[in-house]
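The file coords-v3.pdb comes next; it holds PDB, C-alpha atoms and all ligand atoms.
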```
ATOM      1  CA  MET A   1       2.944  63.982  91.234
ATOM      2  CA  ASN A   2       6.172  65.119  92.839
ATOM      3  CA  ILE A   3       9.418  64.261  91.133
ATOM      4  CA  ASP A   4      12.582  63.936  93.250
ATOM      5  CA  ARG A   5      15.904  65.602  92.506
ATOM      6  CA  GLU A   6      17.634  62.552  91.053
ATOM      7  CA  THR A   7      14.711  61.691  88.771
ATOM      8  CA  TYR A   8      14.557  65.269  87.478
ATOM      9  CA  TRP A   9      18.271  65.431  86.735
ATOM     10  CA  SER A  10      18.590  61.988  85.201
ATOM     11  CA  GLY A  11      15.796  63.018  82.819
ATOM     12  CA  ILE A  12      17.665  66.212  81.927
ATOM     13  CA  ARG A  13      20.927  64.352  81.304
ATOM     14  CA  LYS A  14      19.118  62.010  78.959
ATOM     15  CA  HIS A  15      16.793  64.349  77.081
ATOM     16  CA  TYR A  16      18.214  67.891  77.089
ATOM     17  CA  ARG A  17      20.651  67.969  74.192
ATOM     18  CA  PRO A  18      21.294  71.584  73.159
ATOM     19  CA  LYS A  19      22.745  72.409  69.754
ATOM     20  CA  GLN A  20      25.345  74.702  71.316
ATOM     21  CA  PRO A  21      26.064  73.269  74.777
ATOM     22  CA  LEU A  22      27.737  75.386  77.442
ATOM     23  CA  PHE A  23      27.603  73.201  80.572
ATOM     24  CA  LEU A  24      27.303  69.430  80.632
ATOM     25  CA  ASN A  25      27.817  68.787  84.346
ATOM     26  CA  ASP A  26      25.721  66.420  86.444
ATOM     27  CA  TYR A  27      23.576  69.159  87.999
ATOM     28  CA  ILE A  28      24.431  72.097  85.711
ATOM     29  CA  ARG A  29      23.378  72.250  82.090
ATOM     30  CA  GLY A  30      23.458  75.170  79.734
ATOM     31  CA  GLU A  31      23.612  76.388  76.185
ATOM     32  CA  ILE A  32      24.113  79.369  73.937
ATOM     33  CA  LEU A  33      20.679  80.308  72.638
ATOM     34  CA  SER A  34      20.111  80.842  68.947
ATOM     35  CA  GLU A  35      19.407  84.414  67.843
ATOM     36  CA  ASP A  36      15.797  83.382  67.104
ATOM     37  CA  ASP A  37      15.276  82.219  70.678
ATOM     38  CA  PHE A  38      17.238  85.014  72.319
ATOM     39  CA  ALA A  39      16.146  88.156  70.411
ATOM     40  CA  PRO A  40      12.558  88.412  71.753
ATOM     41  CA  ILE A  41      13.756  87.944  75.341
ATOM     42  CA  ARG A  42      16.507  90.542  74.947
ATOM     43  CA  GLU A  43      14.053  92.993  73.431
ATOM     44  CA  LEU A  44      11.644  92.584  76.326
ATOM     45  CA  VAL A  45      14.313  92.924  79.020
ATOM     46  CA  TYR A  46      15.693  96.118  77.488
ATOM     47  CA  ARG A  47      12.148  97.420  77.192
ATOM     48  CA  LEU A  48      11.728  96.929  80.957
ATOM     49  CA  PHE A  49      14.933  98.858  81.687
ATOM     50  CA  ALA A  50      14.235 101.606  79.171
ATOM     51  CA  LYS A  51      10.743 102.153  80.572
ATOM     52  CA  THR A  52      12.060 102.480  84.113
ATOM     53  CA  LEU A  53      14.847 104.878  83.119
ATOM     54  CA  ASP A  54      12.570 107.229  81.207
ATOM     55  CA  PRO A  55       8.905 106.166  81.096
ATOM     56  CA  GLU A  56       7.966 109.079  78.830
ATOM     57  CA  HIS A  57      10.702 108.553  76.243
ATOM     58  CA  PRO A  58      11.989 104.974  76.470
ATOM     59  CA  ASN A  59      14.916 104.025  74.211
ATOM     60  CA  ASP A  60      14.276 101.732  71.304
ATOM     61  CA  SER A  61      14.934  98.193  72.564
ATOM     62  CA  ASN A  62      14.877  96.753  69.039
ATOM     63  CA  THR A  63      18.115  98.324  67.858
ATOM     64  CA  ASP A  64      21.752  98.172  68.984
ATOM     65  CA  LYS A  65      21.770 101.946  69.230
ATOM     66  CA  GLY A  66      18.771 102.062  71.565
ATOM     67  CA  ARG A  67      20.081  99.213  73.702
ATOM     68  CA  ASN A  68      23.526 100.795  73.998
ATOM     69  CA  ARG A  69      21.925 104.008  75.147
ATOM     70  CA  THR A  70      20.068 102.075  77.857
ATOM     71  CA  LEU A  71      23.331 100.451  78.962
ATOM     72  CA  THR A  72      25.068 103.819  79.162
ATOM     73  CA  GLN A  73      22.237 105.253  81.213
ATOM     74  CA  LEU A  74      22.291 102.242  83.527
ATOM     75  CA  SER A  75      26.037 102.503  84.044
ATOM     76  CA  GLU A  76      25.539 106.090  85.208
ATOM     77  CA  THR A  77      23.326 104.915  88.076
ATOM     78  CA  VAL A  78      24.776 103.750  91.389
ATOM     79  CA  ARG A  79      21.927 101.535  92.436
ATOM     80  CA  PHE A  80      19.083 100.821  90.102
ATOM     81  CA  VAL A  81      15.596  99.660  91.069
ATOM     82  CA  LEU A  82      13.660  98.202  88.196
ATOM     83  CA  HIS A  83       9.996  99.101  87.893
ATOM     84  CA  ARG A  84       8.402  95.700  87.428
ATOM     85  CA  ASP A  85       5.661  96.386  84.913
ATOM     86  CA  LEU A  86       3.474  93.357  85.628
ATOM     87  CA  ASP A  87       2.200  92.947  82.062
ATOM     88  CA  LEU A  88       5.745  92.940  80.669
ATOM     89  CA  MET A  89       6.737  90.552  83.452
ATOM     90  CA  THR A  90       3.924  88.234  82.356
ATOM     91  CA  GLU A  91       5.167  88.377  78.753
ATOM     92  CA  LEU A  92       8.650  87.481  79.963
ATOM     93  CA  ASP A  93       7.246  84.667  82.098
ATOM     94  CA  LEU A  94       5.499  83.236  79.045
ATOM     95  CA  LEU A  95       8.561  83.545  76.787
ATOM     96  CA  MET A  96      10.744  81.723  79.302
ATOM     97  CA  TYR A  97       8.063  79.096  79.957
ATOM     98  CA  LYS A  98       7.888  78.305  76.240
ATOM     99  CA  LEU A  99      11.689  78.232  75.904
ATOM    100  CA  LEU A 100      11.976  75.706  78.733
ATOM    101  CA  ASP A 101       9.001  73.712  77.538
ATOM    102  CA  ARG A 102      10.496  73.256  74.048
ATOM    103  CA  ARG A 103      13.596  71.810  75.711
ATOM    104  CA  GLY A 104      11.705  69.361  77.903
ATOM    105  CA  LEU A 105      12.933  71.087  81.058
ATOM    106  CA  LEU A 106       9.493  71.335  82.632
ATOM    107  CA  THR A 107       8.864  67.638  83.238
ATOM    108  CA  GLY A 108       7.944  67.369  86.908
ATOM    109  CA  ILE A 109       7.893  71.131  87.443
ATOM    110  CA  GLU A 110       4.969  72.258  89.624
ATOM    111  CA  GLY A 111       5.909  75.825  90.531
ATOM    112  CA  PHE A 112       7.417  78.742  88.641
ATOM    113  CA  GLN A 113       8.768  81.976  90.093
ATOM    114  CA  PHE A 114       6.698  85.016  89.111
ATOM    115  CA  PRO A 115       7.749  87.759  88.519
ATOM    116  CA  MET A 116      11.294  86.765  87.591
ATOM    117  CA  ASN A 117      14.358  88.631  88.796
ATOM    118  CA  VAL A 118      15.620  90.980  86.128
ATOM    119  CA  ARG A 119      18.918  92.433  87.235
ATOM    120  CA  ALA A 120      21.393  95.107  86.310
ATOM    121  CA  VAL A 121      24.584  94.198  88.147
ATOM    122  CA  HIS A 122      27.011  97.057  88.625
ATOM    123  CA  PRO A 123      30.788  96.535  88.527
ATOM    124  CA  LEU A 124      30.970  97.511  92.195
ATOM    125  CA  PRO A 125      28.578  96.237  94.871
ATOM    126  CA  PRO A 126      26.466  98.772  96.786
ATOM    127  CA  ASP A 127      28.195 100.060  99.955
ATOM    128  CA  GLY A 128      28.168  97.519 102.753
ATOM    129  CA  TYR A 129      26.576  94.781 100.622
ATOM    130  CA  VAL A 130      29.434  92.273 100.580
ATOM    131  CA  GLU A 131      29.775  92.434 104.379
ATOM    132  CA  GLY A 132      26.211  91.109 104.677
ATOM    133  CA  ALA A 133      25.904  87.388 105.466
ATOM    134  CA  HIS A 134      23.437  86.941 102.571
ATOM    135  CA  ALA A 135      25.401  88.741  99.854
ATOM    136  CA  THR A 136      25.401  86.618  96.700
ATOM    137  CA  ASP A 137      29.090  87.462  96.312
ATOM    138  CA  HIS A 138      29.608  84.588  98.799
ATOM    139  CA  ARG A 139      29.385  80.996  97.602
ATOM    140  CA  HIS A 140      25.980  79.721  98.582
ATOM    141  CA  CYS A 141      22.857  77.672  97.934
ATOM    142  CA  ASP A 142      19.598  79.647  98.122
ATOM    143  CA  PRO A 143      17.736  77.295 100.537
ATOM    144  CA  TRP A 144      20.419  77.765 103.207
ATOM    145  CA  VAL A 145      18.651  80.931 104.268
ATOM    146  CA  GLY A 146      15.080  79.675 104.005
ATOM    147  CA  ALA A 147      14.124  79.319 100.315
ATOM    148  CA  PRO A 148      12.330  76.046  99.355
ATOM    149  CA  ASP A 149      14.667  73.048  99.004
ATOM    150  CA  ASP A 150      13.115  71.542  95.855
ATOM    151  CA  MET A 151      14.197  74.280  93.473
ATOM    152  CA  ILE A 152      15.799  74.287  90.062
ATOM    153  CA  ASN A 153      17.554  77.596  89.274
ATOM    154  CA  CYS A 154      17.542  79.174  85.816
ATOM    155  CA  PHE A 155      19.773  81.981  84.628
ATOM    156  CA  LEU A 156      20.142  83.903  81.373
ATOM    157  CA  TYR A 157      22.768  86.486  80.471
ATOM    158  CA  VAL A 158      21.132  89.317  78.529
ATOM    159  CA  GLN A 159      24.177  91.563  78.421
ATOM    160  CA  ALA A 160      27.588  90.246  79.374
ATOM    161  CA  ASP A 161      31.162  89.851  78.194
ATOM    162  CA  LYS A 162      34.511  88.833  79.636
ATOM    163  CA  ASP A 163      34.668  92.008  81.741
ATOM    164  CA  THR A 164      31.246  91.905  83.369
ATOM    165  CA  SER A 165      30.299  90.183  86.587
ATOM    166  CA  ILE A 166      29.998  86.424  86.280
ATOM    167  CA  LEU A 167      27.846  83.761  87.890
ATOM    168  CA  ASN A 168      30.333  81.197  89.137
ATOM    169  CA  LEU A 169      29.034  77.650  89.425
ATOM    170  CA  TYR A 170      30.796  74.854  91.284
ATOM    171  CA  ASP A 171      30.639  71.371  89.828
ATOM    172  CA  VAL A 172      29.401  68.958  92.485
ATOM    173  CA  LYS A 173      28.578  65.269  92.598
ATOM    174  CA  ARG A 174      25.647  63.636  94.311
ATOM    175  CA  GLU A 175      27.320  63.332  97.754
ATOM    176  CA  GLN A 176      28.169  67.057  97.779
ATOM    177  CA  ILE A 177      24.659  67.989  96.661
ATOM    178  CA  GLU A 178      23.361  65.941  99.574
ATOM    179  CA  ALA A 179      25.782  67.535 102.051
ATOM    180  CA  CYS A 180      24.746  71.010 100.864
ATOM    181  CA  SER A 181      21.070  70.049 101.115
ATOM    182  CA  ARG A 182      21.416  69.149 104.803
ATOM    183  CA  PHE A 183      22.905  72.504 105.814
ATOM    184  CA  ARG A 184      20.964  75.588 106.971
ATOM    185  CA  GLY A 185      22.608  78.849 107.991
ATOM    186  CA  SER A 186      24.090  82.039 106.605
ATOM    187  CA  TYR A 187      26.286  82.041 103.511
ATOM    188  CA  LEU A 188      29.292  82.795 105.730
ATOM    189  CA  GLU A 189      28.501  79.876 108.043
ATOM    190  CA  GLY A 190      28.250  77.540 105.060
ATOM    191  CA  ALA A 191      31.692  78.455 103.757
ATOM    192  CA  HIS A 192      33.298  75.212 105.023
ATOM    193  CA  LEU A 193      31.120  73.219 102.606
ATOM    194  CA  VAL A 194      32.171  75.122  99.499
ATOM    195  CA  ASN A 195      35.571  76.717 100.016
ATOM    196  CA  SER A 196      37.598  73.910  98.469
ATOM    197  CA  LEU A 197      35.465  73.681  95.290
ATOM    198  CA  TYR A 198      36.539  74.958  91.875
ATOM    199  CA  ALA A 199      34.268  77.004  89.640
ATOM    200  CA  VAL A 200      33.586  75.576  86.183
ATOM    201  CA  PRO A 201      35.493  77.890  83.796
ATOM    202  CA  TYR A 202      33.583  79.789  81.095
ATOM    203  CA  THR A 203      33.401  83.271  79.614
ATOM    204  CA  PRO A 204      30.032  84.997  80.020
ATOM    205  CA  ALA A 205      28.250  86.210  76.899
ATOM    206  CA  ALA A 206      24.796  87.479  76.040
ATOM    207  CA  GLY A 207      22.414  84.643  75.201
ATOM    208  CA  GLN A 208      23.921  82.031  77.517
ATOM    209  CA  PHE A 209      21.233  80.074  79.319
ATOM    210  CA  ILE A 210      22.014  77.977  82.396
ATOM    211  CA  ILE A 211      19.937  75.611  84.513
ATOM    212  CA  PHE A 212      21.253  74.154  87.772
ATOM    213  CA  ASP A 213      20.058  72.418  90.879
ATOM    214  CA  THR A 214      19.517  74.743  93.812
ATOM    215  CA  PHE A 215      22.139  72.805  95.809
ATOM    216  CA  VAL A 216      24.854  73.586  93.270
ATOM    217  CA  PRO A 217      26.917  76.220  95.122
ATOM    218  CA  HIS A 218      27.255  79.468  93.182
ATOM    219  CA  ASN A 219      28.206  83.115  93.636
ATOM    220  CA  THR A 220      28.562  86.398  91.812
ATOM    221  CA  VAL A 221      32.073  87.592  91.055
ATOM    222  CA  ARG A 222      32.199  91.253  90.084
ATOM    223  CA  ARG A 223      34.707  92.499  87.587
ATOM    224  CA  GLN A 224      35.486  95.927  86.246
ATOM    225  CA  PRO A 225      34.199  97.714  84.278
ATOM    226  CA  GLY A 226      31.137  96.261  82.561
ATOM    227  CA  MET A 227      27.470  96.284  83.395
ATOM    228  CA  ARG A 228      25.732  92.917  83.386
ATOM    229  CA  LEU A 229      22.068  92.405  82.612
ATOM    230  CA  SER A 230      20.526  89.060  83.434
ATOM    231  CA  ILE A 231      17.358  87.183  84.258
ATOM    232  CA  ASP A 232      17.134  84.597  86.970
ATOM    233  CA  PHE A 233      14.283  82.609  88.407
ATOM    234  CA  ARG A 234      13.565  79.360  90.165
ATOM    235  CA  MET A 235      11.198  76.501  89.548
ATOM    236  CA  ARG A 236       9.833  74.015  92.063
ATOM    237  CA  ARG A 237       9.373  70.264  91.900
ATOM    238  CA  THR A 238       6.522  70.264  94.424
ATOM    239  CA  ASN A 239       3.200  72.062  94.773
ATOM    240  CA  PRO A 240       3.893  75.800  95.259
ATOM    241  CA  TYR A 241       0.848  75.919  97.579
ATOM    242  CA  GLY A 242       1.962  72.920  99.657
ATOM    243  CA  VAL A 243       3.237  75.142 102.471
ATOM    244  CA  LEU A 244       1.206  78.146 103.581
ATOM    245  CA  ASP A 245       2.672  79.729 106.681
ATOM    246  CA  GLU A 246       4.944  82.561 107.795
ATOM    247  CA  ARG A 247       7.471  81.611 105.085
ATOM    248  CA  TRP A 248       4.980  82.778 102.441
ATOM    249  CA  ASP A 249       5.745  86.493 102.549
ATOM    250  CA  ALA A 250       9.139  86.417 104.206
ATOM    251  CA  GLY A 251      10.316  89.123 101.799
ATOM    252  CA  SER A 252      13.367  88.306  99.707
ATOM    253  CA  GLY A 253      13.200  84.565  99.032
ATOM    254  CA  GLY A 254       9.601  84.320 100.254
ATOM    255  CA  TRP A 255       7.574  81.290  99.186
ATOM    256  CA  ASP A 256       4.955  83.564  97.607
ATOM    257  CA  TYR A 257       7.341  83.824  94.624
ATOM    258  CA  TYR A 258       6.117  80.506  93.241
ATOM    259  CA  TRP A 259       3.004  80.248  91.116
ATOM    260  CA  TYR A 260       1.647  77.439  89.003
ATOM    261  CA  PRO A 261       3.498  77.505  85.648
ATOM    262  CA  ASN A 262       1.880  79.645  82.947
ATOM    263  CA  THR A 263       0.337  76.756  81.027
ATOM    264  CA  GLY A 264      -2.748  78.884  80.403
ATOM    265  CA  ARG A 265      -0.534  80.975  78.109
ATOM    266  CA  ALA A 266      -1.647  84.161  79.868
ATOM    267  CA  LYS A 267      -0.274  87.274  78.179
ATOM    268  CA  SER A 268      -1.303  89.919  80.683
ATOM    269  CA  PHE A 269      -1.036  90.075  84.459
ATOM    270  CA  GLU A 270      -4.801  90.112  84.751
ATOM    271  CA  GLU A 271      -5.085  86.886  82.737
ATOM    272  CA  ARG A 272      -2.216  85.333  84.676
ATOM    273  CA  THR A 273      -3.954  86.103  87.961
ATOM    274  CA  ARG A 274      -7.340  84.928  86.722
ATOM    275  CA  ASP A 275      -5.861  81.585  85.570
ATOM    276  CA  GLU A 276      -4.089  81.093  88.882
ATOM    277  CA  TYR A 277      -7.226  81.751  90.924
ATOM    278  CA  ALA A 278      -9.245  79.414  88.684
ATOM    279  CA  ARG A 279      -6.755  76.590  89.184
ATOM    280  CA  LEU A 280      -6.739  77.090  92.945
ATOM    281  CA  ARG A 281     -10.533  77.016  93.028
ATOM    282  CA  LYS A 282     -10.586  73.915  90.864
ATOM    283  CA  VAL A 283      -8.450  71.972  93.338
ATOM    284  CA  GLY A 284     -10.407  73.483  96.230
ATOM    285  CA  ASN A 285      -7.373  75.184  97.773
ATOM    286  CA  LEU A 286      -9.162  78.177  99.229
ATOM    287  CA  SER A 287      -6.425  79.084 101.689
ATOM    288  CA  GLY A 288      -3.948  79.018  98.777
ATOM    289  CA  LEU A 289      -6.291  81.393  96.977
ATOM    290  CA  GLU A 290      -6.317  83.725  99.960
ATOM    291  CA  PHE A 291      -2.511  83.694 100.182
ATOM    292  CA  ARG A 292      -2.168  84.400  96.457
ATOM    293  CA  GLU A 293      -4.682  87.265  96.621
ATOM    294  CA  LYS A 294      -2.563  88.867  99.338
ATOM    295  CA  ASN A 295       0.548  88.490  97.165
ATOM    296  CA  VAL A 296      -1.208  89.958  94.101
ATOM    297  CA  ALA A 297      -2.294  92.997  96.105
ATOM    298  CA  LYS A 298       1.315  93.449  97.248
ATOM    299  CA  LEU A 299       2.642  93.223  93.684
ATOM    300  CA  GLN A 300       0.071  95.730  92.435
ATOM    301  CA  ALA A 301       0.949  98.180  95.201
ATOM    302  CA  GLN A 302       4.621  98.355  94.157
TER     303      GLN A 302
HETATM  304 FE    FE B   1      21.722  82.188  94.623
END
```
The structure given in the file should be rewritten as structure tokens.
Ligand SMILES: [Fe+2]
Amino acid sequence: MNIDRETYWSGIRKHYRPKQPLFLNDYIRGEILSEDDFAPIRELVYRLFAKTLDPEHPNDSNTDKGRNRTLTQLSETVRFVLHRDLDLMTELDLLMYKLLDRRGLLTGIEGFQFPMNVRAVHPLPPDGYVEGAHATDHRHCDPWVGAPDDMINCFLYVQADKDTSILNLYDVKREQIEACSRFRGSYLEGAHLVNSLYAVPYTPAAGQFIIFDTFVPHNTVRRQPGMRLSIDFRMRRTNPYGVLDERWDAGSGGWDYYWYPNTGRAKSFEERTRDEYARLRKVGNLSGLEFREKNVAKLQAQ
């Protein structure tokens, strides 16, 4: 069953009542996670960074000292490419799935981005990046440049403070969501839709979790001098195998990002893949299976 945007969000407004709310807007909700919820995610994310920086001698991701060392090492890089260990990515996928499930945020969710984006955002953008029409420094909605239009975006600050780069979110009402959902084009071309909006004010901090509709305009604003670590991923309200064409492996923003949610509680990439194939076979979607196999081979080759 597919759930439409309004049904999803009216459910969220009614049922998602965080203990420490951060955003309570129509299409943006968020909270400050408790230490119990946040600590295992933080540990895992730092483990991913520490393993990429020095696979032989990773820093301890369980202590402040080890994590600070990772941050220092990251801040010494100019551009950092995370090695996406697929087993750790599966653990992260499962942790986030459970976190969202406990909050009732998965009602009507059919697809889940895997692997998630785990980012280290430097105080300064890479050379030439901001001039690009797709730079996330511009206000935008992801589907404008070809991502699916049924998405719900999730974001978690893992390391952040008042001096690190911030995800700005613009509070919009239903009519503006609909106007944004009708537009397709580059982030620069879409500027007329979003230029007069005001960002909802907040101060970023580690442990802040945010969920927003994909047609809520947003952008990254970089500030000196801090390094930001964050997770972001998208969920889909319709079958992630509903469209199988050239959009599937279009690279950044490709539709191959979206898997069935990890309800099988898979803890390793092999289990995750096996579950996915089994579900595709069960519904008889053999072309979906073929597309996923191609994507798995690509992930393993990285
Ligand atoms: Fe975005």
_How would you report the residues lying within 8 Å of ligand FE 1 (chain B), as a ChimeraX atom specification, if you count all atoms listed in the file?_
/A:136,140-142,214,217-219
What are the closest atom pairs, with distances in Å to one decimal, for all residues of region 153-272 of chain A lying within 10 Å of region 45-65 of chain A? Consider only C-alpha atoms, order rows by chain and residue number, and present the result as CSV.
```
residue,atom,partner,partner_atom,distance
A:Val158,CA,A:Val45,CA,7.7
A:Gln159,CA,A:Tyr46,CA,9.7
A:Leu229,CA,A:Val45,CA,8.6
A:Ser230,CA,A:Val45,CA,8.5
A:Ile231,CA,A:Val45,CA,8.3
```
*State, in Å with one decimal place, the distance from CA of Leu197 (chain A) to CA of Asp171 (chain A).*
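Distance between the two atoms: 7.6 Å.
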Around region 231-244 of chain A, with edges along x, y and z and 8 Å added on all six sides, what centre and edge lengths do you get, in Å to one decimal, as lines of an AutoDock Vina configuration file?
```
center_x = 9.1
center_y = 78.7
center_z = 93.9
size_x = 32.5
size_y = 32.9
size_z = 35.3
```
Give me the residues of region 130-162 of chain A that have any atom at most 12 Å from an atom of region 7-24 of chain A; for each, the nearest atom pair and the distance in Å, rounded to one decimal. Use all atoms listed in the file, sort by chain and number, and format it as CSV.
```
residue,atom,partner,partner_atom,distance
A:Asp150,CA,A:Tyr8,CA,10.6
A:Met151,CA,A:Tyr8,CA,10.8
A:Ile152,CA,A:Tyr8,CA,9.5
```
*In terms of the shortest atom-to-atom distance over only C-alpha atoms, which of A:Ala301, A:Ile3, A:Leu82, A:Ala266 is closest to Lys98 (chain A)?*
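When distances to Lys98 (chain A) are compared using only C-alpha atoms, the smallest one comes from A:Ala266.
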*Which of A:Thr90, A:Thr203, A:Asn295, A:Ser181 sits closest to Leu44 (chain A) [using all atoms listed in the file]*: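 Selected residue with least distance to Leu44 (chain A): A:Thr90.
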Which residues of region 245-265 of chain A come within 12 Å of region 272-279 of chain A, and what is each one's closest atom pair and distance in Å (one decimal), counting all atoms listed in the file, sorted by chain and residue number, as a tab-separated table?
```
residue	atom	partner	partner_atom	distance
A:Tyr258	CA	A:Glu276	CA	11.1
A:Trp259	CA	A:Glu276	CA	7.5
A:Tyr260	CA	A:Glu276	CA	6.8
A:Pro261	CA	A:Glu276	CA	9.0
A:Asn262	CA	A:Arg272	CA	7.2
A:Thr263	CA	A:Asp275	CA	9.1
A:Gly264	CA	A:Asp275	CA	6.6
A:Arg265	CA	A:Arg272	CA	8.1
```
Given the file shown, enumerate the residues that the PyMOL selection byres (((chain A and resi 236-251) around 8) and not hetatm) captures and present them as a PDB file with C-alpha atoms, keeping the file's coordinate frame.
```
ATOM      1  CA  MET A   1       2.944  63.982  91.234  1.00  0.00           C
ATOM      2  CA  ASN A   2       6.172  65.119  92.839  1.00  0.00           C
ATOM      3  CA  ILE A   3       9.418  64.261  91.133  1.00  0.00           C
ATOM      4  CA  ASP A   4      12.582  63.936  93.250  1.00  0.00           C
ATOM      5  CA  GLY A 108       7.944  67.369  86.908  1.00  0.00           C
ATOM      6  CA  ILE A 109       7.893  71.131  87.443  1.00  0.00           C
ATOM      7  CA  GLU A 110       4.969  72.258  89.624  1.00  0.00           C
ATOM      8  CA  GLY A 111       5.909  75.825  90.531  1.00  0.00           C
ATOM      9  CA  PHE A 112       7.417  78.742  88.641  1.00  0.00           C
ATOM     10  CA  GLY A 146      15.080  79.675 104.005  1.00  0.00           C
ATOM     11  CA  PRO A 148      12.330  76.046  99.355  1.00  0.00           C
ATOM     12  CA  ASP A 150      13.115  71.542  95.855  1.00  0.00           C
ATOM     13  CA  MET A 151      14.197  74.280  93.473  1.00  0.00           C
ATOM     14  CA  ILE A 152      15.799  74.287  90.062  1.00  0.00           C
ATOM     15  CA  ARG A 234      13.565  79.360  90.165  1.00  0.00           C
ATOM     16  CA  MET A 235      11.198  76.501  89.548  1.00  0.00           C
ATOM     17  CA  SER A 252      13.367  88.306  99.707  1.00  0.00           C
ATOM     18  CA  GLY A 253      13.200  84.565  99.032  1.00  0.00           C
ATOM     19  CA  GLY A 254       9.601  84.320 100.254  1.00  0.00           C
ATOM     20  CA  TRP A 255       7.574  81.290  99.186  1.00  0.00           C
ATOM     21  CA  ASP A 256       4.955  83.564  97.607  1.00  0.00           C
ATOM     22  CA  TYR A 258       6.117  80.506  93.241  1.00  0.00           C
ATOM     23  CA  TRP A 259       3.004  80.248  91.116  1.00  0.00           C
ATOM     24  CA  TYR A 260       1.647  77.439  89.003  1.00  0.00           C
ATOM     25  CA  SER A 287      -6.425  79.084 101.689  1.00  0.00           C
ATOM     26  CA  GLY A 288      -3.948  79.018  98.777  1.00  0.00           C
ATOM     27  CA  PHE A 291      -2.511  83.694 100.182  1.00  0.00           C
ATOM     28  CA  ASN A 295       0.548  88.490  97.165  1.00  0.00           C
TER      29      ASN A 295
END
```
*Hey, which of A:Ala160, A:Met89, A:Leu193, A:Ala147 ends up closest to Pro225 (chain A)? Count all atoms listed in the file.*
A:Ala160
*asked:* Selection in question (the file shown): the PyMOL selection byres (((chain A and resi 29) around 7) and not hetatm). Which residues does it include, as a PyMOL selection string?
replied: chain A and resi 23-25+27-28+30+210-212
Create the file for the chosen residues now, containing C-alpha atoms and written as a tab-separated table (two decimals), keeping the file's coordinate frame.
```tsv
chain	number	residue	atom	x	y	z
A	23	PHE	CA	27.60	73.20	80.57
A	24	LEU	CA	27.30	69.43	80.63
A	25	ASN	CA	27.82	68.79	84.35
A	27	TYR	CA	23.58	69.16	88.00
A	28	ILE	CA	24.43	72.10	85.71
A	30	GLY	CA	23.46	75.17	79.73
A	210	ILE	CA	22.01	77.98	82.40
A	211	ILE	CA	19.94	75.61	84.51
A	212	PHE	CA	21.25	74.15	87.77
```
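The coordinates place CA of Asp26 (chain A) at 27.3 Å from CA of Leu94 (chain A).
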_If I take CA of Gly207 (chain A) and CA of Phe80 (chain A), how far is one from the other in Å, to one decimal?_
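Going from CA of Gly207 (chain A) over to CA of Phe80 (chain A), I get 22.2 Å.
With distances restricted to all atoms listed in the file, A:Leu156 is the closest residue to Ile32 (chain A) from A:Ala179, A:Val172, A:Leu156, A:Ala135.
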*Evaluate the PyMOL selection byres (((chain A and resi 96) around 10) and not hetatm) on the structure here and hand back the selected residues as a list in words.*
Asp37, Ile41, Thr90, Glu91, Leu92, Asp93, Leu94, Leu95, Tyr97, Lys98, Leu99, Leu100, Asp101, Arg102, Met116, Cys154, Leu156, Ile231, Phe233 and Asn262 of chain A
*Any idea what's packed within 10 Å of Tyr202 (chain A), counting only C-alpha atoms, ignoring anything in its chain fewer than 3 positions away? Could you give it as a PyMOL selection string?*
chain A and resi 22-23+162+166-169+199+205
*Out of A:Glu31, A:Asp149, A:Asp232, A:Asp85, which residue has the shortest atom-to-atom distance to Arg119 (chain A) when counting only C-alpha atoms?*
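The answer is A:Asp232, which sits nearest to Arg119 (chain A).
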Fix up region 44-52 of chain A with N, CA and C atoms, then write it as a compact mmCIF listing (two decimals), in the coordinates of the input.
```txt
# COMPACT_ATOMS: atom_id res chain seq x y z
N LEU A 44 12.56 92.36 75.20
CA LEU A 44 11.64 92.58 76.33
C LEU A 44 12.38 93.09 77.57
N VAL A 45 13.55 92.51 77.84
CA VAL A 45 14.31 92.92 79.02
C VAL A 45 14.79 94.38 78.88
N TYR A 46 15.28 94.72 77.70
CA TYR A 46 15.69 96.12 77.49
C TYR A 46 14.50 97.06 77.57
N ARG A 47 13.35 96.59 77.12
CA ARG A 47 12.15 97.42 77.19
C ARG A 47 11.82 97.73 78.66
N LEU A 48 11.97 96.72 79.53
CA LEU A 48 11.73 96.93 80.96
C LEU A 48 12.68 97.99 81.53
N PHE A 49 13.96 97.89 81.18
CA PHE A 49 14.93 98.86 81.69
C PHE A 49 14.66 100.25 81.12
N ALA A 50 14.42 100.30 79.81
CA ALA A 50 14.24 101.61 79.17
C ALA A 50 13.00 102.32 79.74
N LYS A 51 11.96 101.55 80.03
CA LYS A 51 10.74 102.15 80.57
C LYS A 51 10.95 102.69 81.98
N THR A 52 11.79 102.00 82.75
CA THR A 52 12.06 102.48 84.11
C THR A 52 12.92 103.74 84.08
```
